[in-house]
>>> print(open('run_19.cif').read())   # mmCIF, C-alpha atoms
data_data
loop_
_atom_site.label_atom_id
_atom_site.label_comp_id
_atom_site.auth_asym_id
_atom_site.auth_seq_id
_atom_site.Cartn_x
_atom_site.Cartn_y
_atom_site.Cartn_z
CA MET C 200 -57.73 23.60 -12.55
CA LEU C 201 -56.60 20.59 -14.57
CA ALA C 202 -53.74 22.64 -16.06
CA VAL C 203 -52.48 23.58 -12.57
CA VAL C 204 -52.49 19.93 -11.47
CA ALA C 205 -50.63 18.95 -14.67
CA VAL C 206 -47.98 21.65 -14.11
CA ILE C 207 -47.48 20.62 -10.48
CA GLY C 208 -47.27 16.96 -11.49
CA ALA C 209 -44.68 17.75 -14.18
CA GLY C 210 -42.66 19.78 -11.67
CA LEU C 211 -42.67 16.94 -9.16
CA LEU C 212 -41.59 14.44 -11.82
CA ALA C 213 -38.76 16.75 -12.92
CA MET C 214 -37.57 17.22 -9.34
CA ALA C 215 -37.60 13.46 -8.75
CA ALA C 216 -35.53 12.89 -11.90
CA LEU C 217 -33.03 15.62 -11.00
CA LYS C 218 -32.67 14.32 -7.45
CA ASP C 219 -30.85 11.26 -8.76
CA GLN C 220 -28.57 13.44 -10.91
CA ALA C 221 -27.63 15.95 -8.21
CA ALA C 222 -24.15 15.60 -6.79
CA TYR C 223 -23.55 17.14 -3.38
CA PHE C 224 -20.12 18.66 -2.66
CA TYR C 225 -18.10 17.24 0.23
CA THR C 226 -14.62 17.82 1.56
CA PRO C 227 -12.86 14.88 3.27
CA GLY C 228 -13.75 16.44 6.65
CA ASP C 229 -17.42 16.55 5.63
CA VAL C 230 -17.24 12.89 4.60
CA ALA C 231 -15.81 11.88 7.99
CA ARG C 232 -18.43 13.92 9.84
CA ASP C 233 -21.50 13.13 7.69
CA HIS C 234 -20.81 9.45 6.87
CA VAL C 235 -21.81 9.56 3.18
CA GLN C 236 -23.70 6.44 2.12
CA PRO C 237 -21.97 4.13 -0.40
CA GLY C 238 -23.35 4.53 -3.91
CA THR C 239 -24.56 8.12 -3.39
CA ALA C 240 -23.44 10.47 -6.17
CA VAL C 241 -21.25 13.20 -4.66
CA ARG C 242 -18.48 15.64 -5.52
CA LEU C 243 -15.33 15.32 -3.45
CA GLY C 244 -13.02 18.31 -3.29
CA GLY C 245 -9.71 19.03 -1.66
CA MET C 246 -6.00 18.86 -2.33
CA VAL C 247 -4.15 15.90 -3.83
CA GLU C 248 -1.96 14.74 -0.96
CA LYS C 249 1.75 14.88 -1.77
CA GLY C 250 3.31 11.43 -2.16
CA SER C 251 -0.06 9.72 -2.63
CA LEU C 252 -0.30 9.49 -6.44
CA LYS C 253 0.22 5.97 -7.79
CA ARG C 254 -0.32 4.75 -11.33
CA LEU C 255 -1.36 1.15 -11.82
CA PRO C 256 0.24 -1.08 -14.48
CA ASP C 257 -2.86 -0.91 -16.73
CA GLY C 258 -1.78 2.64 -17.66
CA VAL C 259 -5.17 4.28 -17.07
CA THR C 260 -5.96 3.72 -13.40
CA ILE C 261 -4.58 6.00 -10.71
CA LEU C 262 -4.86 5.97 -6.95
CA PHE C 263 -4.41 9.09 -4.85
CA VAL C 264 -5.57 10.68 -1.61
CA VAL C 265 -7.66 13.85 -1.32
CA THR C 266 -7.19 15.84 1.87
CA ASP C 267 -8.47 19.03 3.47
CA ASN C 268 -5.94 18.87 6.34
CA GLN C 269 -8.73 17.60 8.61
CA ALA C 270 -9.32 14.19 7.02
CA SER C 271 -8.22 12.21 3.97
CA VAL C 272 -10.08 10.06 1.44
CA PRO C 273 -8.50 7.45 -0.88
CA VAL C 274 -9.60 7.87 -4.51
CA ARG C 275 -9.51 5.52 -7.50
CA PHE C 276 -9.92 6.85 -11.05
CA SER C 277 -9.66 5.15 -14.44
CA GLY C 278 -9.25 7.45 -17.41
CA ILE C 279 -7.29 10.41 -18.63
CA VAL C 280 -6.64 13.08 -16.00
CA PRO C 281 -6.46 16.81 -16.78
CA ALA C 282 -3.02 18.19 -17.64
CA LEU C 283 -3.01 20.31 -14.47
CA PHE C 284 -3.72 17.34 -12.19
CA ARG C 285 -0.77 16.72 -9.84
CA GLU C 286 0.17 16.20 -6.22
CA GLY C 287 -0.31 19.26 -4.04
CA SER C 288 -2.93 20.80 -6.32
CA GLY C 289 -6.67 21.32 -5.92
CA VAL C 290 -9.03 18.70 -7.30
CA VAL C 291 -12.76 18.07 -7.55
CA ALA C 292 -13.89 14.54 -8.35
CA ASP C 293 -17.39 13.33 -9.26
CA GLY C 294 -18.25 9.79 -8.26
CA ARG C 295 -19.39 7.50 -5.46
CA PHE C 296 -18.02 5.82 -2.37
CA ASP C 297 -17.73 2.06 -2.33
CA GLY C 298 -18.41 0.00 0.78
CA THR C 299 -14.78 0.26 1.99
CA GLY C 300 -14.59 4.08 2.14
CA GLN C 301 -12.70 4.46 -1.14
CA PHE C 302 -14.03 7.09 -3.54
CA LEU C 303 -14.56 5.78 -7.09
CA ALA C 304 -14.22 8.83 -9.31
CA ASP C 305 -15.94 9.05 -12.69
CA THR C 306 -14.59 12.52 -13.49
CA ILE C 307 -11.59 14.52 -12.28
CA LEU C 308 -11.40 18.32 -12.46
CA ALA C 309 -8.16 20.14 -11.65
CA LYS C 310 -7.73 23.78 -10.72
CA HIS C 311 -6.92 26.01 -13.69
CA ASP C 312 -4.25 28.26 -12.14
CA GLU C 313 -2.32 28.78 -8.93
CA ARG C 314 -4.93 31.10 -7.36
CA TYR C 315 -8.07 29.05 -8.02
CA MET C 316 -9.58 26.81 -5.40
CA PRO C 317 -13.20 25.70 -5.03
CA PRO C 318 -14.83 27.94 -2.38
CA GLN C 319 -15.77 24.97 -0.18
CA VAL C 320 -12.17 23.72 -0.18
CA ALA C 321 -10.82 27.20 0.51
CA LYS C 322 -13.14 27.49 3.50
CA SER C 323 -12.02 24.09 4.78
CA LEU C 324 -8.36 25.03 4.40
CA GLU C 325 -9.07 28.55 5.67
CA GLY C 326 -6.22 28.85 8.16
CA GLU C 327 -3.51 27.55 5.84
CA THR C 328 -4.87 29.30 2.75
CA VAL C 329 -5.10 32.68 4.49
CA HIS C 330 -1.46 32.47 5.59
CA LYS C 331 -0.32 31.56 2.07
CA SER C 332 -2.35 34.34 0.42
CA GLU C 333 -1.13 36.92 2.95
CA SER C 334 2.48 35.96 2.31
CA LEU C 335 1.91 36.34 -1.44
CA LYS C 336 0.58 39.89 -0.97
CA LYS C 337 3.66 41.03 0.97
#
>>> encode(input="run_19.cif", output="structure tokens")
Amino acid sequence: MLAVVAVIGAGLLAMAALKDQAAYFYTPGDVARDHVQPGTAVRLGGMVEKGSLKRLPDGVTILFVVTDNQASVPVRFSGIVPALFREGSGVVADGRFDGTGQFLADTILAKHDERYMPPQVAKSLEGETVHKSESLKK
């Protein structure tokens, strides 16, 4: 009996510790609909909006906008971005929202080829993505 209680207690402690480490995936449309709380660890995914990428004079900070064609979210990142990161491409960023609605990214992940897109982003862009993929097949 004592062993069962110990195992359950250990499981509950592990779940509590992992809860703080879990990052939920959101598209900009999800963010607008669900009103994500500032400071909550999340993953933001979508497309880097064309014309939105700006590099700050410090040489390591960039500003850009992530969109899913339903909503847009401004993002700030300091660090080295992946080689495939560019305007018009898919991106997933880990981080948190500040109190102003800007996403402060800790990590940036870029798609690895022209066909890859995170499933949640593809679903959000479903209409536009389907038309593009159908035109590629013809």
>>> residues_around(input="run_19.cif", residues="Ile279 in chain C", least_positions_apart="3", cutoff="9 Å", atoms="only C-alpha atoms", output="ChimeraX atom specification")
/C:259-260,276,282,307
>>> resolve_selection(input="run_19.cif", expression="the PyMOL selection byres ((chain C and resi 224-236) around 10)", output="PyMOL selection string")
chain C and resi 221-223+237-246+264-273+291-293+295-298+300+319-320+322-324
>>> atom_distance(input="run_19.cif", atom1="CA of Asp305 in chain C", atom2="CA of Phe263 in chain C")
13.9 Å
>>> closest_residue(input="run_19.cif", among="C:Lys253, C:Gly289, C:Ala202, C:Ala304", to="Ser277 in chain C", atoms="all atoms listed in the file")
C:Ala304
>>> atom_distance(input="run_19.cif", atom1="CA of Gly258 in chain C", atom2="CA of Thr299 in chain C")
23.7 Å
>>> closest_residue(input="run_19.cif", among="C:Val247, C:Val274, C:Ile261, C:Leu255", to="Val290 in chain C", atoms="all atoms listed in the file")
C:Val247
>>> atom_distance(input="run_19.cif", atom1="CA of Gly294 in chain C", atom2="CA of Ala209 in chain C")
28.2 Å
>>> closest_residue(input="run_19.cif", among="C:Phe302, C:Met200, C:Lys310, C:Gly287", to="Gly250 in chain C", atoms="all atoms listed in the file")
C:Gly287
>>> axis_aligned_box(input="run_19.cif", around="range 242-249 of chain C", padding_each_side="5 Å", output="JSON")
{"center_x": -8.4, "center_y": 16.9, "center_z": -3.2, "size_x": 30.2, "size_y": 14.3, "size_z": 14.6}
